Amino acid sequence: MGANTDVIVVGRGPAGLLMATLVVQHSGTVTIVADGQGTLPLWGGQWDFRNYADDGRPLVDPYQWWGDLLGGELAWRTRWSRVATLWHELGVLESPDIPNRNRWILSPLGHLRPTYLAPRWQWCQDQPGQFILIGFPGLADFSVQAMARVYEATSGVGVQAVHLPTPPGWRPHWTAINWAWYLDSRAGQEWLIGEVDRIIDASPTPLAFPQVLGVDGVEALRERLMQHLGRVVGEVALPPPSVGGLRITRRWERWLKHRGVQFVTGHVTGVTRDSAKLANGRQLSGSPVLASGGILGGGLYAEPAGNIRDPILGTIVGSLPQDRIGSVGHRQVRSTVPVIGRMVGGWDPDRHGDGGALTLWTVDEAFDAIWTGLGTTEAAPGVVRSQSLRVK
Amino acid sequence: MWAGEDACLKCTLCMSACPVMSVNADFPGPKALGPEWHRRRQEKDVLPMEHVEDCTFCQLCEAACPVAVPIAHLIAQHKQIRRRTLKIRIRDAVLARPHWLARTAGLSSLPIPEGARKLIGIASSVTLPQRRREPTEHLGPRLATGRGAVGVFVDCYSGGYDSELVFRVLALLDLWGYDARPLAGRGCCGAAAYAAGAPDLACRQGQLTWKSLRDDVANVDTIIILNATCDATIRYEWPRYCGIDGNIPMLSFDEVAWNAPEEFWEHLGSVPLGQGDRYLVHTTCRGKVARGEGYLVQLMARAGLSAVPSDADCCGAAGAYAFKAEHQATAHDLGYYLRGEADKVGAAGVVTDSGTCALHIEQLTQVVTRHPAHWLYERYRQYLREAIG
């Protein structure tokens, strides 16, 4: 049952979910096959375009850096508006418009980092400004004193740091995720609003929280805080488990399920142009797309000799020079089954902060190829044909 | 012992997936209770951690893990060493043997006063199973013939409390052209015992059950399993954790139903949908882990019903979990999510393929909650009434 769909997406990370989204938005049917969760809950939720120049310095204008690459500005704006529209549908509120430039977010150590598209819950600013850091008990990755020191030293702007006490029912094992679930509850929200009101001054200085302001109820709590306290409230994404990514994953997967997408638990052991075989012997029919090469995907193996092997196809899809760990894949695929995601040969998304853009681009290309192959002669609406990737 | 038992990367995806953490602030989470505890115990004898027994054994942590650590199964071992009072040990020994309870199901109509519940550690407000009495009627002429001999594995709950479900399944299978009968061997697959932290007992139960079925299954082409938890246990847990390999085709009820004759679906499709007849579909946690999600919605939609998937991860019933006094709050809070969904959808019914989950969900949503076979049977009866009179 459910064994025949237009597309079979192998992998459940951001690339796989985005591919499935494009297919259902064009009235196609999709099965997502995965034997793990996908890495989205590990991320803070922001979607990067290109954060750093080749020399490692932060980039202000990513459009200028990309230039005519991969379709140029028009193609990129179309791709980004697709993410923004999707976020709206999921109930994730993004920045007011598709930004023209990178904006600044805070790292958990108080450094300013560039990023492109961030949900509105994220602490995000166009230039360094003043704010109050709110410290939570037991969050080792959110030391407000250290953050204030680093921020002052690097930006020249002084910030204030305050500490919340422990709420009733708090346990020393609480991580960001426990805090977020607690703050989804009415008791947690009342406690937070009362305590923050008590410890901060009456100025309109914005507040920066760690990313713990609820899982499913973050927008409502943030709105209540802003109204009650009369100031801007934002969050700083923490290391995993990163609540921002979890919020998006939950909403996105639900959105897909409610649109008839099948989620199949299983390990894919082989694919052809029109089928995928699972380890339990089951066969699925449809056009496969491999979205299993993410940072925890297990979809691509780096062999000792430096070859990158795709275990599903059994083929070598690239090679890995020693200085290029983290950058494998797409262009060297010797098969006709599309591979999507941030792992693109010759690129280094961890160093340059362009994994979001590479995901958008590879999904676009794969969707175009598959949708055309499924009987449409034109590129599907909203899909941008781009020139081939020129590796920089 | 198991592949992957020490592969934890500490990526924390298991914590993101854990439903118990969403409602229980005391619960330390799967990473701490599973792989981290397991690493510590290699060095020395370690004490069990508090609240380890709050784990529902939904296995969603395990399904989320990118490196296949058997997280929930490590937690089940962890549960095994916790200290319990004699009273709780006796209660747990009984609840880990649902086939015993099924045999005494006739006693279930006797009320257990609150004082007695407290004495034996049973949740004060939870509905205990009652024998269901609904007549099953013949479904008319067969729509196909010669589709083979199938044996229905009757789970403890259905065997004890819902034998009508079994009769309805047999009526449907007969209608679809199968030569169907319940398997004669009877026992527990071990799901309840494993979930409650008695993996050795669970595997012994599984082995005895398989042994009792073995002669009987030689005469059937396929075994059909009605309960999603038993299905996950028998098809996926038995071979991996208990060394039992059935070596006979096994299918869950919905997989067989999907291959029902086309005429069956045409008949169901011809029945007009009542206004507001929407059904909330809950795929059990174990079903999600073993097989995925979406197949029950598809099945109900094919039957001409308006089916909406539930977003609940685990309903909290978890075998005997919801019956235990110490889990009352967690089980309630997990399941209560479905109440909001059922209200929002305006659900005429809830669909789920596990008897204990159905009992728990029905109590919390106040909406009739039944196995997909029940809804298919009812819909076909409706067709017969309206088309034939």
# chains A, B, ... in the order shown; residues from 1 in each chain; ligands from 1
>>> residues_around(residues="Leu256 in chain A", least_positions_apart="3", cutoff="12 Å", atoms="only C-alpha atoms", output="PyMOL selection string")
(chain A and resi 12+16-25+29-32+86+89-90+249-253+259-263) or (chain B and resi 293-294+309+311)
>>> residues_around(residues="range 54-60 of chain A", least_positions_apart="2", cutoff="8 Å", atoms="only C-alpha atoms", output="PyMOL selection string")
chain A and resi 50-52+62+101-103+113-114+351-352
>>> closest_atom_pairs(of="chain B", to="chain A", cutoff="10 Å", atoms="only C-alpha atoms", output="JSON lines")
{"residue": "B:Leu9", "atom": "CA", "partner": "A:Leu296", "partner_atom": "CA", "distance": 9.7}
{"residue": "B:Lys10", "atom": "CA", "partner": "A:Pro240", "partner_atom": "CA", "distance": 9.2}
{"residue": "B:Cys11", "atom": "CA", "partner": "A:Pro240", "partner_atom": "CA", "distance": 6.8}
{"residue": "B:Thr12", "atom": "CA", "partner": "A:Pro241", "partner_atom": "CA", "distance": 5.5}
{"residue": "B:Leu13", "atom": "CA", "partner": "A:Pro241", "partner_atom": "CA", "distance": 6.7}
{"residue": "B:Cys14", "atom": "CA", "partner": "A:Gln37", "partner_atom": "CA", "distance": 8.7}
{"residue": "B:Met15", "atom": "CA", "partner": "A:Pro241", "partner_atom": "CA", "distance": 7.3}
{"residue": "B:Ser16", "atom": "CA", "partner": "A:Pro241", "partner_atom": "CA", "distance": 6.6}
{"residue": "B:Ala17", "atom": "CA", "partner": "A:Gln37", "partner_atom": "CA", "distance": 8.2}
{"residue": "B:Met21", "atom": "CA", "partner": "A:Asn178", "partner_atom": "CA", "distance": 6.8}
{"residue": "B:Ser22", "atom": "CA", "partner": "A:Trp181", "partner_atom": "CA", "distance": 5.3}
{"residue": "B:Val23", "atom": "CA", "partner": "A:Trp181", "partner_atom": "CA", "distance": 7.2}
{"residue": "B:Asn24", "atom": "CA", "partner": "A:Asn178", "partner_atom": "CA", "distance": 8.9}
{"residue": "B:Ala25", "atom": "CA", "partner": "A:Asn178", "partner_atom": "CA", "distance": 6.7}
{"residue": "B:Asp26", "atom": "CA", "partner": "A:Arg171", "partner_atom": "CA", "distance": 6.8}
{"residue": "B:Phe27", "atom": "CA", "partner": "A:His173", "partner_atom": "CA", "distance": 8.9}
{"residue": "B:Pro28", "atom": "CA", "partner": "A:His173", "partner_atom": "CA", "distance": 6.5}
{"residue": "B:Gly29", "atom": "CA", "partner": "A:His173", "partner_atom": "CA", "distance": 9.1}
{"residue": "B:Ala32", "atom": "CA", "partner": "A:His173", "partner_atom": "CA", "distance": 9.3}
{"residue": "B:Leu60", "atom": "CA", "partner": "A:Gln37", "partner_atom": "CA", "distance": 9.4}
{"residue": "B:Cys61", "atom": "CA", "partner": "A:Gln37", "partner_atom": "CA", "distance": 9.1}
{"residue": "B:Glu62", "atom": "CA", "partner": "A:Gly36", "partner_atom": "CA", "distance": 8.3}
{"residue": "B:Ala63", "atom": "CA", "partner": "A:Gly36", "partner_atom": "CA", "distance": 5.6}
{"residue": "B:Ala64", "atom": "CA", "partner": "A:Gln37", "partner_atom": "CA", "distance": 4.2}
{"residue": "B:Cys65", "atom": "CA", "partner": "A:Gly36", "partner_atom": "CA", "distance": 5.5}
{"residue": "B:Pro66", "atom": "CA", "partner": "A:Gly36", "partner_atom": "CA", "distance": 5.0}
{"residue": "B:Val67", "atom": "CA", "partner": "A:Leu296", "partner_atom": "CA", "distance": 8.0}
{"residue": "B:Ala68", "atom": "CA", "partner": "A:Gly36", "partner_atom": "CA", "distance": 8.0}
{"residue": "B:Tyr236", "atom": "CA", "partner": "A:Asn280", "partner_atom": "CA", "distance": 10.0}
{"residue": "B:Asp254", "atom": "CA", "partner": "A:Met1", "partner_atom": "CA", "distance": 8.7}
{"residue": "B:Glu255", "atom": "CA", "partner": "A:Met1", "partner_atom": "CA", "distance": 6.5}
{"residue": "B:Val256", "atom": "CA", "partner": "A:Met1", "partner_atom": "CA", "distance": 9.1}
{"residue": "B:Ala257", "atom": "CA", "partner": "A:Met1", "partner_atom": "CA", "distance": 9.3}
{"residue": "B:Trp258", "atom": "CA", "partner": "A:Met1", "partner_atom": "CA", "distance": 6.0}
{"residue": "B:Asn259", "atom": "CA", "partner": "A:Met1", "partner_atom": "CA", "distance": 7.8}
{"residue": "B:Gly287", "atom": "CA", "partner": "A:Thr265", "partner_atom": "CA", "distance": 9.5}
{"residue": "B:Lys288", "atom": "CA", "partner": "A:Thr265", "partner_atom": "CA", "distance": 7.4}
{"residue": "B:Val289", "atom": "CA", "partner": "A:Thr265", "partner_atom": "CA", "distance": 6.6}
{"residue": "B:Ala290", "atom": "CA", "partner": "A:Thr265", "partner_atom": "CA", "distance": 6.4}
{"residue": "B:Arg291", "atom": "CA", "partner": "A:Thr265", "partner_atom": "CA", "distance": 5.0}
{"residue": "B:Gly292", "atom": "CA", "partner": "A:Val264", "partner_atom": "CA", "distance": 4.3}
{"residue": "B:Glu293", "atom": "CA", "partner": "A:Phe263", "partner_atom": "CA", "distance": 5.0}
{"residue": "B:Gly294", "atom": "CA", "partner": "A:Gln262", "partner_atom": "CA", "distance": 4.9}
{"residue": "B:Tyr295", "atom": "CA", "partner": "A:Gly2", "partner_atom": "CA", "distance": 6.8}
{"residue": "B:Leu296", "atom": "CA", "partner": "A:Met1", "partner_atom": "CA", "distance": 9.9}
{"residue": "B:Val297", "atom": "CA", "partner": "A:Gly260", "partner_atom": "CA", "distance": 8.2}
{"residue": "B:Gln298", "atom": "CA", "partner": "A:Gly2", "partner_atom": "CA", "distance": 7.6}
{"residue": "B:Leu299", "atom": "CA", "partner": "A:Met1", "partner_atom": "CA", "distance": 8.6}
{"residue": "B:Ala307", "atom": "CA", "partner": "A:His258", "partner_atom": "CA", "distance": 9.7}
{"residue": "B:Val308", "atom": "CA", "partner": "A:His258", "partner_atom": "CA", "distance": 7.1}
{"residue": "B:Pro309", "atom": "CA", "partner": "A:His258", "partner_atom": "CA", "distance": 6.4}
{"residue": "B:Ser310", "atom": "CA", "partner": "A:Arg254", "partner_atom": "CA", "distance": 8.9}
{"residue": "B:Asp311", "atom": "CA", "partner": "A:Arg254", "partner_atom": "CA", "distance": 6.6}
>>> closest_residue(among="A:Leu70, A:Leu112, A:Leu183, A:Ala291", to="Gly156 in chain A", atoms="only C-alpha atoms")
A:Leu112
>>> atom_distance(atom1="CA of Trp80 in chain A", atom2="CA of Thr362 in chain A")
13.5 Å
>>> residues_around(residues="Pro35 in chain B", least_positions_apart="3", cutoff="8 Å", atoms="only C-alpha atoms", output="ChimeraX atom specification")
/B:5-6,8,30-32,38-39,69,71,74
>>> residues_around(residues="Ala123 in chain B", least_positions_apart="2", cutoff="7 Å", atoms="only C-alpha atoms", output="PyMOL selection string")
chain B and resi 117+121+125-126+323-325+328
>>> residues_around(residues="Leu107 in chain B", least_positions_apart="6", cutoff="10 Å", atoms="only C-alpha atoms", output="list in words")
Leu101, Gln130 and Arg131 of chain B
>>> write_last_selection(atoms="C-alpha atoms", output="PDB file, in the first residue's frame")
ATOM      1  CA  LEU B 101      -5.480 -10.887  32.405  1.00  0.00           C
ATOM      2  CA  GLN B 130     -14.334  -4.099  29.870  1.00  0.00           C
ATOM      3  CA  ARG B 131     -15.494  -6.927  27.653  1.00  0.00           C
TER       4      ARG B 131
END
>>> closest_residue(among="A:Ser155, A:Ser81, A:Gln211, A:Ser287", to="Gly28 in chain A", atoms="only C-alpha atoms")
A:Ser287
>>> residues_around(residues="Val271 in chain B", least_positions_apart="3", cutoff="9 Å", atoms="only C-alpha atoms", output="ChimeraX atom specification")
/B:267-268,304,379-380,382-383,386-387
>>> write_last_selection(atoms="all heavy atoms", output="PDB file, in the first residue's frame")
ATOM      1  N   HIS B 267     -17.817  -0.502  -3.443  1.00  0.00           N
ATOM      2  CA  HIS B 267     -19.026  -0.502  -2.601  1.00  0.00           C
ATOM      3  C   HIS B 267     -18.921   0.567  -1.519  1.00  0.00           C
ATOM      4  O   HIS B 267     -19.844   1.328  -1.288  1.00  0.00           O
ATOM      5  CB  HIS B 267     -19.222  -1.880  -1.947  1.00  0.00           C
ATOM      6  CG  HIS B 267     -19.629  -2.963  -2.909  1.00  0.00           C
ATOM      7  ND1 HIS B 267     -20.204  -2.678  -4.114  1.00  0.00           N
ATOM      8  CD2 HIS B 267     -19.551  -4.315  -2.823  1.00  0.00           C
ATOM      9  CE1 HIS B 267     -20.468  -3.821  -4.749  1.00  0.00           C
ATOM     10  NE2 HIS B 267     -20.066  -4.829  -3.985  1.00  0.00           N
ATOM     11  N   LEU B 268     -17.778   0.588  -0.840  1.00  0.00           N
ATOM     12  CA  LEU B 268     -17.610   1.565   0.248  1.00  0.00           C
ATOM     13  C   LEU B 268     -17.667   2.992  -0.294  1.00  0.00           C
ATOM     14  O   LEU B 268     -18.255   3.867   0.332  1.00  0.00           O
ATOM     15  CB  LEU B 268     -16.285   1.351   0.980  1.00  0.00           C
ATOM     16  CG  LEU B 268     -16.096   0.037   1.745  1.00  0.00           C
ATOM     17  CD1 LEU B 268     -14.844   0.120   2.602  1.00  0.00           C
ATOM     18  CD2 LEU B 268     -17.299  -0.258   2.631  1.00  0.00           C
ATOM     19  N   GLY B 304     -13.590   5.734   1.676  1.00  0.00           N
ATOM     20  CA  GLY B 304     -14.556   6.809   1.458  1.00  0.00           C
ATOM     21  C   GLY B 304     -14.800   7.661   2.685  1.00  0.00           C
ATOM     22  O   GLY B 304     -15.757   8.416   2.748  1.00  0.00           O
ATOM     23  N   ARG B 379     -18.653   0.386   7.876  1.00  0.00           N
ATOM     24  CA  ARG B 379     -18.912   1.066   6.603  1.00  0.00           C
ATOM     25  C   ARG B 379     -19.525   0.085   5.595  1.00  0.00           C
ATOM     26  O   ARG B 379     -20.416   0.438   4.842  1.00  0.00           O
ATOM     27  CB  ARG B 379     -17.589   1.631   6.081  1.00  0.00           C
ATOM     28  CG  ARG B 379     -17.724   2.462   4.819  1.00  0.00           C
ATOM     29  CD  ARG B 379     -17.573   3.939   5.088  1.00  0.00           C
ATOM     30  NE  ARG B 379     -17.608   4.716   3.870  1.00  0.00           N
ATOM     31  CZ  ARG B 379     -18.463   5.704   3.644  1.00  0.00           C
ATOM     32  NH1 ARG B 379     -19.338   6.064   4.567  1.00  0.00           N
ATOM     33  NH2 ARG B 379     -18.433   6.380   2.522  1.00  0.00           N
ATOM     34  N   TYR B 380     -19.037  -1.130   5.603  1.00  0.00           N
ATOM     35  CA  TYR B 380     -19.588  -2.119   4.672  1.00  0.00           C
ATOM     36  C   TYR B 380     -21.019  -2.478   5.061  1.00  0.00           C
ATOM     37  O   TYR B 380     -21.878  -2.658   4.193  1.00  0.00           O
ATOM     38  CB  TYR B 380     -18.700  -3.369   4.611  1.00  0.00           C
ATOM     39  CG  TYR B 380     -18.961  -4.179   3.358  1.00  0.00           C
ATOM     40  CD1 TYR B 380     -18.464  -3.758   2.138  1.00  0.00           C
ATOM     41  CD2 TYR B 380     -19.737  -5.333   3.411  1.00  0.00           C
ATOM     42  CE1 TYR B 380     -18.732  -4.479   0.972  1.00  0.00           C
ATOM     43  CE2 TYR B 380     -20.005  -6.065   2.256  1.00  0.00           C
ATOM     44  CZ  TYR B 380     -19.493  -5.629   1.040  1.00  0.00           C
ATOM     45  OH  TYR B 380     -19.763  -6.333  -0.103  1.00  0.00           O
ATOM     46  N   GLN B 382     -23.034  -0.472   6.411  1.00  0.00           N
ATOM     47  CA  GLN B 382     -23.809   0.682   5.965  1.00  0.00           C
ATOM     48  C   GLN B 382     -24.118   0.552   4.470  1.00  0.00           C
ATOM     49  O   GLN B 382     -25.230   0.817   4.026  1.00  0.00           O
ATOM     50  CB  GLN B 382     -23.006   1.958   6.237  1.00  0.00           C
ATOM     51  CG  GLN B 382     -23.837   3.221   6.229  1.00  0.00           C
ATOM     52  CD  GLN B 382     -22.971   4.461   6.441  1.00  0.00           C
ATOM     53  OE1 GLN B 382     -21.807   4.372   6.850  1.00  0.00           O
ATOM     54  NE2 GLN B 382     -23.542   5.622   6.160  1.00  0.00           N
ATOM     55  N   TYR B 383     -23.125   0.126   3.714  1.00  0.00           N
ATOM     56  CA  TYR B 383     -23.329  -0.095   2.278  1.00  0.00           C
ATOM     57  C   TYR B 383     -24.444  -1.124   2.061  1.00  0.00           C
ATOM     58  O   TYR B 383     -25.352  -0.917   1.253  1.00  0.00           O
ATOM     59  CB  TYR B 383     -22.024  -0.560   1.618  1.00  0.00           C
ATOM     60  CG  TYR B 383     -22.256  -1.358   0.364  1.00  0.00           C
ATOM     61  CD1 TYR B 383     -22.674  -0.727  -0.814  1.00  0.00           C
ATOM     62  CD2 TYR B 383     -22.116  -2.741   0.369  1.00  0.00           C
ATOM     63  CE1 TYR B 383     -22.938  -1.473  -1.959  1.00  0.00           C
ATOM     64  CE2 TYR B 383     -22.381  -3.487  -0.762  1.00  0.00           C
ATOM     65  CZ  TYR B 383     -22.800  -2.856  -1.922  1.00  0.00           C
ATOM     66  OH  TYR B 383     -23.067  -3.577  -3.047  1.00  0.00           O
ATOM     67  N   GLU B 386     -27.818   0.392   2.860  1.00  0.00           N
ATOM     68  CA  GLU B 386     -28.305   1.417   1.939  1.00  0.00           C
ATOM     69  C   GLU B 386     -28.473   0.911   0.513  1.00  0.00           C
ATOM     70  O   GLU B 386     -29.375   1.341  -0.195  1.00  0.00           O
ATOM     71  CB  GLU B 386     -27.366   2.629   1.976  1.00  0.00           C
ATOM     72  CG  GLU B 386     -27.462   3.313   3.332  1.00  0.00           C
ATOM     73  CD  GLU B 386     -26.675   4.590   3.410  1.00  0.00           C
ATOM     74  OE1 GLU B 386     -26.261   5.100   2.355  1.00  0.00           O
ATOM     75  OE2 GLU B 386     -26.481   5.066   4.532  1.00  0.00           O
ATOM     76  N   ALA B 387     -27.593  -0.005   0.099  1.00  0.00           N
ATOM     77  CA  ALA B 387     -27.647  -0.451  -1.294  1.00  0.00           C
ATOM     78  C   ALA B 387     -28.644  -1.586  -1.480  1.00  0.00           C
ATOM     79  O   ALA B 387     -29.309  -1.671  -2.506  1.00  0.00           O
ATOM     80  CB  ALA B 387     -26.265  -0.897  -1.746  1.00  0.00           C
TER      81      ALA B 387
END
>>> residues_around(residues="range 195-205 of chain B", least_positions_apart="6", cutoff="8 Å", atoms="only C-alpha atoms", output="list in words")
Glu53, Thr56, Phe57, Ile75, Ala76, Gln77, His78, Lys79, Gln80, Asp92, Ala96, Gly187, Cys188, Cys189, Trp238, Tyr241, Cys242, Ala318, Gly319, Ala320 and Tyr321 of chain B
>>> write_last_selection(atoms="C-alpha atoms", output="PDB file, in the first residue's frame")
ATOM      1  CA  GLU B  53      10.386   3.760  34.589  1.00  0.00           C
ATOM      2  CA  THR B  56       6.813   4.561  27.756  1.00  0.00           C
ATOM      3  CA  PHE B  57       9.014   2.402  25.488  1.00  0.00           C
ATOM      4  CA  ILE B  75      16.459   1.836  28.839  1.00  0.00           C
ATOM      5  CA  ALA B  76      14.440  -1.379  29.206  1.00  0.00           C
ATOM      6  CA  GLN B  77      17.563  -3.016  30.665  1.00  0.00           C
ATOM      7  CA  HIS B  78      18.022  -0.013  32.912  1.00  0.00           C
ATOM      8  CA  LYS B  79      14.439  -0.400  34.166  1.00  0.00           C
ATOM      9  CA  GLN B  80      15.165  -4.003  35.012  1.00  0.00           C
ATOM     10  CA  ASP B  92       4.077  -5.378  37.610  1.00  0.00           C
ATOM     11  CA  ALA B  96       3.561  -7.878  32.338  1.00  0.00           C
ATOM     12  CA  GLY B 187       0.145 -16.417  24.299  1.00  0.00           C
ATOM     13  CA  CYS B 188       1.664 -12.997  24.653  1.00  0.00           C
ATOM     14  CA  CYS B 189       4.159 -11.600  22.164  1.00  0.00           C
ATOM     15  CA  TRP B 238      11.563 -10.913  17.959  1.00  0.00           C
ATOM     16  CA  TYR B 241      16.283  -8.876  20.377  1.00  0.00           C
ATOM     17  CA  CYS B 242      14.959 -12.353  21.117  1.00  0.00           C
ATOM     18  CA  ALA B 318       1.863   2.174  26.286  1.00  0.00           C
ATOM     19  CA  GLY B 319       0.571  -1.288  27.153  1.00  0.00           C
ATOM     20  CA  ALA B 320       0.015  -1.323  30.910  1.00  0.00           C
ATOM     21  CA  TYR B 321       1.766   2.026  31.520  1.00  0.00           C
TER      22      TYR B 321
END
>>> closest_residue(among="B:Val169, B:Ala228, B:Val351, B:Leu110", to="Thr136 in chain B", atoms="only C-alpha atoms")
B:Val169
>>> select_by_dssp(residues="range 97-203 of chain B", states="strand (DSSP E)", output="list in words")
Ala149, Val150, Gly151, Val152, Phe153, Asp179, Ala180, Arg181 and Pro182 of chain B
>>> write_last_selection(atoms="all heavy atoms", output="mmCIF file, in the first residue's frame")
data_model
loop_
_atom_site.group_PDB
_atom_site.id
_atom_site.type_symbol
_atom_site.label_atom_id
_atom_site.label_comp_id
_atom_site.auth_asym_id
_atom_site.auth_seq_id
_atom_site.Cartn_x
_atom_site.Cartn_y
_atom_site.Cartn_z
ATOM 1 N N ALA B 149 -4.984 -19.344 2.529
ATOM 2 C CA ALA B 149 -5.322 -19.577 3.937
ATOM 3 C C ALA B 149 -4.521 -18.622 4.810
ATOM 4 O O ALA B 149 -3.298 -18.540 4.675
ATOM 5 C CB ALA B 149 -5.005 -21.018 4.314
ATOM 6 N N VAL B 150 -5.215 -17.897 5.659
ATOM 7 C CA VAL B 150 -4.516 -16.968 6.553
ATOM 8 C C VAL B 150 -4.895 -17.256 7.997
ATOM 9 O O VAL B 150 -6.023 -17.649 8.288
ATOM 10 C CB VAL B 150 -4.834 -15.490 6.212
ATOM 11 C CG1 VAL B 150 -4.252 -15.098 4.869
ATOM 12 C CG2 VAL B 150 -6.327 -15.216 6.242
ATOM 13 N N GLY B 151 -3.936 -17.054 8.897
ATOM 14 C CA GLY B 151 -4.180 -17.235 10.326
ATOM 15 C C GLY B 151 -4.112 -15.892 11.027
ATOM 16 O O GLY B 151 -3.181 -15.125 10.802
ATOM 17 N N VAL B 152 -5.124 -15.613 11.831
ATOM 18 C CA VAL B 152 -5.142 -14.323 12.530
ATOM 19 C C VAL B 152 -4.500 -14.496 13.910
ATOM 20 O O VAL B 152 -4.936 -15.334 14.707
ATOM 21 C CB VAL B 152 -6.589 -13.803 12.671
ATOM 22 C CG1 VAL B 152 -6.622 -12.512 13.485
ATOM 23 C CG2 VAL B 152 -7.202 -13.585 11.288
ATOM 24 N N PHE B 153 -3.450 -13.714 14.167
ATOM 25 C CA PHE B 153 -2.828 -13.738 15.494
ATOM 26 C C PHE B 153 -3.686 -12.869 16.410
ATOM 27 O O PHE B 153 -3.822 -11.656 16.197
ATOM 28 C CB PHE B 153 -1.401 -13.188 15.426
ATOM 29 C CG PHE B 153 -0.744 -13.113 16.783
ATOM 30 C CD1 PHE B 153 -0.185 -14.238 17.354
ATOM 31 C CD2 PHE B 153 -0.707 -11.914 17.487
ATOM 32 C CE1 PHE B 153 0.408 -14.179 18.613
ATOM 33 C CE2 PHE B 153 -0.113 -11.845 18.743
ATOM 34 C CZ PHE B 153 0.443 -12.975 19.311
ATOM 35 N N ASP B 179 -9.392 -17.782 3.208
ATOM 36 C CA ASP B 179 -9.812 -18.847 4.110
ATOM 37 C C ASP B 179 -9.148 -18.514 5.452
ATOM 38 O O ASP B 179 -7.985 -18.829 5.677
ATOM 39 C CB ASP B 179 -9.319 -20.185 3.543
ATOM 40 C CG ASP B 179 -9.699 -21.350 4.426
ATOM 41 O OD1 ASP B 179 -10.527 -21.134 5.338
ATOM 42 O OD2 ASP B 179 -9.154 -22.445 4.222
ATOM 43 N N ALA B 180 -9.896 -17.828 6.314
ATOM 44 C CA ALA B 180 -9.276 -17.237 7.504
ATOM 45 C C ALA B 180 -9.763 -17.888 8.789
ATOM 46 O O ALA B 180 -10.928 -18.260 8.905
ATOM 47 C CB ALA B 180 -9.594 -15.744 7.549
ATOM 48 N N ARG B 181 -8.834 -18.013 9.740
ATOM 49 C CA ARG B 181 -9.232 -18.510 11.068
ATOM 50 C C ARG B 181 -8.244 -17.969 12.097
ATOM 51 O O ARG B 181 -7.093 -17.634 11.746
ATOM 52 C CB ARG B 181 -9.252 -20.026 11.090
ATOM 53 C CG ARG B 181 -7.904 -20.628 10.777
ATOM 54 C CD ARG B 181 -8.022 -22.131 10.608
ATOM 55 N NE ARG B 181 -6.790 -22.675 10.063
ATOM 56 C CZ ARG B 181 -5.701 -22.904 10.780
ATOM 57 N NH1 ARG B 181 -5.671 -22.619 12.068
ATOM 58 N NH2 ARG B 181 -4.620 -23.399 10.226
ATOM 59 N N PRO B 182 -8.707 -17.887 13.338
ATOM 60 C CA PRO B 182 -7.754 -17.452 14.363
ATOM 61 C C PRO B 182 -6.733 -18.550 14.612
ATOM 62 O O PRO B 182 -7.084 -19.731 14.529
ATOM 63 C CB PRO B 182 -8.637 -17.221 15.602
ATOM 64 C CG PRO B 182 -9.983 -17.751 15.285
ATOM 65 C CD PRO B 182 -10.048 -18.143 13.845
#
>>> atom_distance(atom1="CA of Glu378 in chain B", atom2="CA of Ala171 in chain B")
11.6 Å
>>> atom_distance(atom1="CA of Lys87 in chain B", atom2="CA of Gly115 in chain B")
14.4 Å
>>> select_by_dssp(residues="range 98-253 of chain B", states="alpha helix (DSSP H)", output="PyMOL selection string")
chain B and resi 98-103+114-120+156-161+163-175+191-195+199-217+228-232+253
